[in-house]
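input_8.txt follows; it contains compact mmCIF, C-alpha atoms and all ligand atoms.
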```txt
# COMPACT_ATOMS: atom_id res chain seq x y z
CA MET A 13 8.08 5.44 -18.56
CA MET A 14 8.57 8.92 -17.02
CA PRO A 15 8.68 8.49 -13.24
CA ILE A 16 5.34 9.40 -11.65
CA LYS A 17 5.94 11.61 -8.60
CA ALA A 18 4.10 14.07 -6.36
CA HIS A 19 5.03 16.39 -3.52
CA GLY A 20 4.02 16.69 0.12
CA ARG A 21 3.91 20.12 1.72
CA VAL A 22 4.29 22.20 4.87
CA VAL A 23 1.84 25.04 5.44
CA LEU A 24 3.69 28.14 6.64
CA PHE A 25 0.52 30.21 7.04
CA GLY A 26 -3.21 29.79 6.61
CA GLU A 27 -4.39 26.26 7.39
CA HIS A 28 -8.09 26.04 8.33
CA ALA A 29 -8.67 29.69 7.29
CA VAL A 30 -7.96 28.56 3.70
CA VAL A 31 -11.01 26.28 3.81
CA TYR A 32 -13.11 29.49 4.19
CA GLY A 33 -11.55 31.49 1.37
CA ARG A 34 -8.50 33.06 3.06
CA ARG A 35 -5.11 32.60 1.38
CA ALA A 36 -2.53 30.02 2.48
CA LEU A 37 1.21 29.91 1.87
CA ALA A 38 2.91 26.51 1.63
CA VAL A 39 6.25 24.99 0.67
CA ALA A 40 6.52 21.59 -1.04
CA ILE A 41 8.38 18.63 0.43
CA PRO A 42 9.80 17.61 -2.94
CA GLU A 43 9.02 14.24 -4.49
CA SER A 44 7.56 12.76 -1.33
CA MET A 45 5.61 10.11 -3.20
CA VAL A 46 7.06 8.13 -6.11
CA LEU A 47 5.61 5.18 -8.04
CA SER A 48 8.33 2.55 -8.15
CA SER A 49 6.33 0.14 -10.31
CA LEU A 50 3.21 0.33 -12.46
CA LYS A 51 1.69 -2.59 -14.37
CA GLN A 52 -1.51 -2.56 -16.40
CA SER A 53 -4.14 -4.90 -15.00
CA ALA A 54 -7.51 -6.02 -16.29
CA LYS A 55 -8.45 -6.93 -12.68
CA GLY A 56 -9.10 -3.37 -11.50
CA ILE A 57 -6.90 -1.09 -9.41
CA GLU A 58 -4.60 -2.33 -6.66
CA VAL A 59 -2.03 -0.27 -4.76
CA PHE A 60 0.75 -0.94 -2.28
CA VAL A 61 2.47 1.82 -0.27
CA LYS A 62 5.08 -0.17 1.62
CA PRO A 63 6.27 2.47 4.15
CA TRP A 64 2.64 2.94 5.26
CA GLY A 65 1.88 -0.80 5.35
CA LEU A 66 -0.93 -0.06 2.90
CA HIS A 67 -2.33 -2.58 0.44
CA ALA A 68 -5.73 -1.79 -1.07
CA HIS A 69 -7.89 -2.80 -3.99
CA TYR A 70 -10.73 -0.77 -5.50
CA LYS A 71 -13.17 -3.15 -3.80
CA SER A 72 -11.46 -2.95 -0.36
CA PRO A 73 -13.58 -1.61 2.51
CA GLY A 74 -12.63 1.76 4.02
CA PRO A 75 -11.58 5.13 2.68
CA VAL A 76 -8.68 3.96 0.47
CA GLY A 77 -10.93 1.40 -1.28
CA LYS A 78 -13.54 4.14 -1.75
CA ALA A 79 -10.90 6.50 -3.17
CA LEU A 80 -9.77 3.80 -5.63
CA GLN A 81 -13.39 3.21 -6.63
CA ILE A 82 -13.81 6.93 -7.43
CA LEU A 83 -10.50 6.86 -9.28
CA SER A 84 -11.69 3.94 -11.44
CA THR A 85 -14.47 6.15 -12.90
CA PHE A 86 -11.98 8.72 -14.30
CA PHE A 87 -10.96 8.87 -17.97
CA SER A 88 -12.62 6.55 -20.44
CA GLY A 89 -11.72 2.88 -20.60
CA GLU A 90 -11.68 -0.21 -18.45
CA MET A 91 -7.95 -0.73 -17.93
CA GLY A 92 -6.74 -0.80 -14.32
CA PHE A 93 -3.31 -1.11 -12.77
CA GLU A 94 -1.21 -2.58 -10.02
CA ALA A 95 1.12 0.02 -8.54
CA VAL A 96 3.77 0.08 -5.83
CA ALA A 97 4.47 3.50 -4.34
CA THR A 98 7.12 4.74 -1.95
CA SER A 99 6.48 7.59 0.44
CA LEU A 100 9.17 9.67 2.12
CA ILE A 101 6.66 11.19 4.54
CA PRO A 102 4.41 9.56 7.14
CA ALA A 103 0.67 9.25 6.47
CA SER A 104 -1.84 11.13 8.65
CA ALA A 105 0.85 13.54 9.84
CA GLY A 106 -0.44 16.79 8.31
CA LEU A 107 2.08 16.82 5.45
CA GLY A 108 -0.29 16.53 2.47
CA SER A 109 0.39 12.82 1.99
CA SER A 110 -3.15 11.97 0.85
CA ALA A 111 -3.07 14.57 -1.96
CA ALA A 112 0.37 13.30 -3.06
CA PHE A 113 -1.05 9.74 -3.03
CA ALA A 114 -4.14 10.80 -5.03
CA THR A 115 -1.98 12.72 -7.53
CA VAL A 116 0.22 9.74 -8.40
CA LEU A 117 -2.87 7.52 -8.70
CA VAL A 118 -4.62 9.94 -11.10
CA ARG A 119 -1.46 10.24 -13.20
CA ALA A 120 -1.01 6.43 -13.22
CA LEU A 121 -4.58 5.86 -14.39
CA ALA A 122 -4.23 8.51 -17.10
CA LEU A 123 -1.15 6.69 -18.35
CA VAL A 124 -2.72 3.22 -18.51
CA ARG A 125 -5.92 4.60 -20.12
CA GLY A 126 -4.02 6.73 -22.64
CA ALA A 127 -5.43 10.05 -21.36
CA GLN A 128 -3.43 13.27 -21.30
CA PRO A 129 -4.96 15.48 -18.60
CA ASP A 130 -3.42 18.90 -17.97
CA ASP A 131 -2.44 19.89 -14.42
CA ASP A 132 -5.82 21.58 -13.76
CA GLU A 133 -7.72 18.42 -14.72
CA VAL A 134 -5.43 16.34 -12.48
CA ARG A 135 -6.10 18.77 -9.58
CA SER A 136 -9.88 18.56 -10.11
CA LYS A 137 -9.74 14.77 -9.99
CA VAL A 138 -7.44 14.82 -6.95
CA GLN A 139 -9.93 17.16 -5.26
CA ALA A 140 -12.73 14.59 -5.80
CA ILE A 141 -10.57 11.87 -4.18
CA GLU A 142 -9.46 14.21 -1.38
CA LYS A 143 -13.12 14.61 -0.35
CA VAL A 144 -12.97 10.99 0.84
CA PHE A 145 -9.92 11.69 3.03
CA HIS A 146 -10.54 15.36 4.01
CA GLY A 147 -14.32 15.86 3.83
CA ASN A 148 -14.12 19.52 2.77
CA PRO A 149 -10.65 20.00 1.24
CA SER A 150 -9.61 23.50 0.23
CA GLY A 151 -7.49 22.19 -2.66
CA LEU A 152 -4.26 23.54 -1.15
CA ASP A 153 -2.63 20.11 -0.86
CA GLY A 154 -3.57 19.10 -4.41
CA ALA A 155 -2.00 22.30 -5.76
CA LEU A 156 1.30 21.67 -3.95
CA ALA A 157 1.28 17.94 -4.83
CA SER A 158 1.36 18.81 -8.55
CA ALA A 159 3.11 22.19 -8.69
CA GLY A 160 5.75 21.83 -5.97
CA GLY A 161 7.83 24.85 -4.97
CA VAL A 162 6.38 27.70 -2.93
CA CYS A 163 2.70 28.43 -3.57
CA LEU A 164 0.21 31.07 -2.49
CA PHE A 165 -3.20 29.42 -2.72
CA LYS A 166 -6.82 30.58 -2.52
CA ARG A 167 -10.07 28.65 -2.67
CA VAL A 168 -12.37 30.68 -4.90
CA ASP A 169 -15.30 28.29 -5.34
CA PRO A 170 -16.17 25.54 -2.85
CA ARG A 171 -16.66 23.10 -5.76
CA GLY A 172 -13.40 23.83 -7.62
CA PRO A 173 -9.76 22.95 -6.88
CA GLY A 174 -8.80 26.61 -6.19
CA VAL A 175 -6.28 28.97 -7.74
CA PHE A 176 -2.64 29.41 -6.89
CA GLU A 177 0.48 31.34 -7.78
CA ARG A 178 3.85 29.63 -7.72
CA LEU A 179 6.16 32.21 -6.15
CA PRO A 180 9.74 32.57 -7.45
CA LEU A 181 11.21 31.96 -3.99
CA ASP A 182 13.55 29.30 -2.65
CA PRO A 183 12.29 27.63 0.53
CA PRO A 184 13.63 29.28 3.68
CA PRO A 185 15.61 27.13 6.18
CA LEU A 186 12.88 25.00 7.70
CA VAL A 187 12.77 21.89 9.81
CA VAL A 188 9.68 19.73 10.21
CA GLY A 189 9.20 17.28 13.08
CA PHE A 190 6.46 14.72 13.75
CA SER A 191 4.88 14.75 17.21
CA GLY A 192 4.25 11.01 16.94
CA ARG A 193 0.50 11.41 17.19
CA SER A 194 -1.30 10.78 13.90
CA ARG A 195 -4.50 12.69 13.28
CA SER A 196 -7.48 12.95 11.00
CA THR A 197 -7.92 16.07 8.88
CA ILE A 198 -11.65 15.39 8.56
CA THR A 199 -12.06 15.47 12.36
CA MET A 200 -10.06 18.71 12.71
CA VAL A 201 -11.81 20.49 9.81
CA GLU A 202 -15.19 19.42 11.27
CA SER A 203 -14.23 20.63 14.72
CA VAL A 204 -13.30 24.10 13.40
CA ALA A 205 -16.54 24.12 11.34
CA ARG A 206 -18.51 23.39 14.55
CA LEU A 207 -16.73 26.19 16.40
CA ARG A 208 -17.46 28.54 13.48
CA SER A 209 -21.16 27.66 13.50
CA GLU A 210 -21.29 28.43 17.25
CA ASP A 211 -19.31 31.70 17.03
CA LEU A 212 -19.23 32.95 13.44
CA SER A 213 -17.83 36.43 14.08
CA GLY A 214 -15.19 35.21 16.59
CA VAL A 215 -13.86 32.50 14.27
CA GLU A 216 -13.98 34.77 11.21
CA ALA A 217 -11.92 37.31 13.20
CA ASP A 218 -9.41 34.51 13.92
CA PHE A 219 -9.23 33.71 10.20
CA ASP A 220 -8.64 37.42 9.47
CA GLU A 221 -5.81 37.38 12.01
CA ILE A 222 -4.31 34.28 10.33
CA GLU A 223 -4.39 36.09 6.99
CA ARG A 224 -2.74 39.12 8.62
CA CYS A 225 0.06 36.80 9.85
CA LEU A 226 0.42 35.47 6.29
CA GLU A 227 0.69 38.95 4.79
CA GLU A 228 3.20 40.08 7.42
CA GLY A 229 5.21 36.86 7.09
CA LEU A 230 5.27 36.92 3.29
CA GLN A 231 6.33 40.58 3.10
CA ALA A 232 9.05 39.90 5.67
CA TRP A 233 10.24 36.86 3.69
CA LEU A 234 10.38 38.92 0.47
CA ARG A 235 12.70 41.44 2.14
CA GLY A 236 14.80 38.70 3.78
CA ASP A 237 13.60 39.54 7.32
CA PHE A 238 13.35 36.02 8.80
CA ALA A 239 13.00 37.35 12.37
CA THR A 240 9.65 39.05 11.53
CA MET A 241 8.57 36.11 9.38
CA GLY A 242 9.28 33.72 12.26
CA ARG A 243 7.30 35.85 14.74
CA ALA A 244 4.36 35.81 12.29
CA MET A 245 4.53 31.99 12.11
CA THR A 246 4.46 31.71 15.92
CA ALA A 247 1.54 34.18 16.03
CA ASN A 248 -0.29 31.98 13.47
CA HIS A 249 0.30 28.99 15.80
CA GLU A 250 -1.25 30.90 18.70
CA VAL A 251 -4.43 31.55 16.69
CA LEU A 252 -4.61 27.87 15.69
CA ARG A 253 -4.17 26.96 19.36
CA GLY A 254 -7.17 29.19 20.20
CA LEU A 255 -9.16 27.29 17.56
CA GLY A 256 -8.38 24.00 19.35
CA ALA A 257 -6.04 22.70 16.62
CA SER A 258 -2.95 22.27 18.81
CA THR A 259 -2.05 19.56 21.32
CA PRO A 260 0.27 19.55 24.37
CA GLU A 261 2.88 17.73 22.22
CA LEU A 262 2.71 20.29 19.39
CA ASP A 263 2.96 23.16 21.92
CA SER A 264 6.01 21.49 23.53
CA MET A 265 7.67 21.12 20.13
CA VAL A 266 7.01 24.78 19.31
CA GLU A 267 8.47 25.81 22.67
CA ALA A 268 11.51 23.52 22.26
CA ALA A 269 12.19 24.89 18.77
CA LEU A 270 12.01 28.50 19.95
CA GLY A 271 14.21 27.63 22.96
CA ALA A 272 16.81 26.17 20.57
CA GLY A 273 17.01 29.38 18.56
CA ALA A 274 14.30 28.97 15.88
CA LEU A 275 12.89 32.36 14.82
CA GLY A 276 9.36 30.96 14.63
CA ALA A 277 7.46 27.69 14.88
CA LYS A 278 3.93 26.44 14.39
CA LEU A 279 1.86 23.36 13.85
CA THR A 280 1.42 22.59 10.17
CA GLY A 281 -1.66 21.06 8.54
CA GLY A 282 -4.93 20.31 10.31
CA GLY A 283 -3.41 19.87 13.79
CA GLY A 284 -4.77 17.62 16.54
CA GLY A 285 -1.40 15.83 16.24
CA GLY A 286 0.88 15.68 13.23
CA CYS A 287 3.84 17.99 12.73
CA VAL A 288 5.51 21.25 13.69
CA VAL A 289 7.50 23.40 11.26
CA ALA A 290 10.22 25.70 12.54
CA LEU A 291 11.99 28.53 10.72
CA ALA A 292 15.54 28.11 11.94
CA PRO A 293 18.29 29.76 9.89
CA GLY A 294 21.61 28.43 11.21
CA LYS A 295 19.85 26.53 14.03
CA VAL A 296 18.25 23.57 12.27
CA ASP A 297 20.46 20.95 13.96
CA GLU A 298 19.92 22.62 17.36
CA VAL A 299 16.14 22.40 16.86
CA ILE A 300 16.38 18.72 15.91
CA SER A 301 18.48 18.02 19.04
CA ALA A 302 15.99 19.90 21.23
CA TRP A 303 13.12 17.84 19.81
CA HIS A 304 15.06 14.62 20.37
CA GLU A 305 15.84 15.64 23.96
CA ALA A 306 12.14 16.37 24.51
CA GLY A 307 11.32 12.85 23.22
CA PHE A 308 10.18 13.65 19.68
CA TRP A 309 12.40 11.59 17.45
CA MET A 310 10.11 9.79 14.99
CA PHE A 311 10.50 11.82 11.79
CA VAL A 312 12.34 15.02 10.97
CA LYS A 313 12.88 16.63 7.59
CA LYS A 314 15.04 19.59 6.65
CA ILE A 315 13.81 21.80 3.82
CA GLY A 316 15.67 24.70 2.21
CA CYS A 317 18.88 24.07 4.18
CA LYS A 318 22.27 23.95 2.50
C1 LIG B 1 -4.43 21.60 4.70
O1 LIG B 1 -4.60 20.22 4.36
C2 LIG B 1 -4.98 21.77 6.04
C3 LIG B 1 -6.39 22.30 6.15
O2 LIG B 1 -6.38 23.69 5.86
C4 LIG B 1 -7.40 21.57 5.30
C5 LIG B 1 -7.46 22.01 3.84
O3 LIG B 1 -6.96 23.07 3.48
O4 LIG B 1 -8.04 21.24 3.06
C6 LIG B 1 -6.78 22.14 7.62
```
Could you render the structure from this file as structure tokens?
Amino acid sequence: MMPIKAHGRVVLFGEHAVVYGRRALAVAIPESMVLSSLKQSAKGIEVFVKPWGLHAHYKSPGPVGKALQILSTFFSGEMGFEAVATSLIPASAGLGSSAAFATVLVRALALVRGAQPDDDEVRSKVQAIEKVFHGNPSGLDGALASAGGVCLFKRVDPRGPGVFERLPLDPPPLVVGFSGRSRSTITMVESVARLRSEDLSGVEADFDEIERCLEEGLQAWLRGDFATMGRAMTANHEVLRGLGASTPELDSMVEAALGAGALGAKLTGGGGGGCVVALAPGKVDEVISAWHEAGFWMFVKKIGCK
């Protein structure tokens, strides 16, 4: 059997704004979720993700049971499976873990039911499962979970999984750190939606500013100007902070990263907890030490560093 894998991701620019049709730019955390065992089962669908302490069946109460129930309706046939998955990233930390989880489940079911979906069909099915975890997902995480690499994503139709371009770029030197506070994407997306319904023009102007940061950051990246790219990331963080997506811990981590020589830093994902990503050419280890000294030592991941 070909190993079944999917990727997590860090959003460099555009979270929240992407839900409302602005572009987002994200970098995969390669092969974050891997199925270590898959057995056909006539008793339905059952999944273990040991690092998350997760064990669920398609009849289990709660969101994972509901997701497995939706999964069980895909492709024709009755065959189920028992799967054990390993995750290299924490759950509920803003790193796209739920889309990576959904992607390996859809691919596992296709295998046991003899279906051969293309990547777009997998993304559409992942999007249906992501609605359970995210409420109103843009599709960004599902795109990165399947495609990997560096992707520029746009939601074109609220019902579809969105469109994306995989850019021929290597990831820049990034370091991701977990604040230790897990969060719920649904809650954060709903809170921004509430803000937007109270102040449509103000929040739309914030989304425009986020897309301006993306454009400036991407152009800077393309010409190898990490200093400007980093400033654009920090500016994106400031807009997210104004939208209520940051926390005192995330702000401290951004400050500590910049103090240690990172060129830019921001929260990544829905916010309200979760992770910070810092652009830190030549300073990745200094950023990690600064986070440790500030008390954030739970999970760090280097991406794009030699
Ligand atoms: C990416 O998961 C973070 C958000 O933009 C939600 C989404 O795009 O679905 C906040």
For region 96-165 of chain A against region 53-73 of chain A, with a cut-off of 6 Å and counting all atoms listed in the file, what is the closest atom pair and its distance in Å to one decimal for every residue that makes the cut, ordered by chain and number, as a Markdown table?
```
| residue | atom | partner | partner_atom | distance |
| --- | --- | --- | --- | --- |
| A:Val96 | CA | A:Phe60 | CA | 4.8 |
| A:Ala97 | CA | A:Val61 | CA | 4.8 |
| A:Thr98 | CA | A:Val61 | CA | 5.7 |
```
Using 5 Å of padding on each side, determine the axis-aligned box around all atoms of region 79-84 of chain A present in the file and give its centre and edge lengths in Å to one decimal, as AutoDock Vina command-line options.
```
--center_x -11.8 --center_y 5.1 --center_z -7.3 --size_x 14.0 --size_y 13.7 --size_z 18.3
```
Close residues, region 224-236 of chain A itself excluded, 12 Å, only C-alpha atoms, min 3 positions apart in chain, as number ranges by chain
A: 23-27, 29-30, 34-38, 162-165, 179-185, 217-221, 239-252, 275-276, 278, 291, 293
Quick one, how far is CA of Lys166 (chain A) from CA of Gly285 (chain A)?
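CA of Lys166 (chain A) sits 24.5 Å away from CA of Gly285 (chain A).
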Counting all atoms listed in the file, which protein, DNA or RNA residues come within 7 Å of ligand LIG 1 (chain B), given as a list in words?
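Final answer, ordered by chain and number: Gly26, Glu27, His28, Ala29, Val30, Val31, Gly106, Gly108, His146, Asn148, Pro149, Ser150, Gly151, Leu152, Asp153, Thr197, Met200, Val201, Gly281 and Gly282 of chain A.
CA of Ala272 (chain A) is found 7.2 Å from CA of Lys295 (chain A).
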Go ahead and compute the interatomic distance for CA of Asp263 (chain A) and CA of Leu279 (chain A), in Å to one decimal.
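Straight-line distance from CA of Asp263 (chain A) to CA of Leu279 (chain A) works out to 8.1 Å.
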With only C-alpha atoms as the basis for distance, which of A:Pro260, A:Ile82, A:Ala292, A:Cys287 is at the shortest distance from Ala274 (chain A)?
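That would be A:Ala292, the residue with the smallest distance to Ala274 (chain A).
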Counting all atoms listed in the file, the residue among A:Gly92, A:Pro102, A:Gly160, A:Gly77 that lies closest to Glu43 (chain A) is A:Gly160
Residue contacts of region 112-115 of chain A (8 Å, all atoms listed in the file) excluding same-chain residues fewer than 5 positions away, as a list in words
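What passes the distance filter is Ala18, His19, Gly20, Ser44, Met45, Val134, Arg135, Val138, Ile141, Glu142, Asp153, Gly154, Ala157 and Ser158 of chain A.
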Looking at all atoms listed in the file, which of A:Arg21, A:Thr259, A:Ala159, A:Gly189 is the one that sits closest to Asp130 (chain A)?
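Nearest candidate to Asp130 (chain A) out of A:Arg21, A:Thr259, A:Ala159, A:Gly189: A:Ala159.
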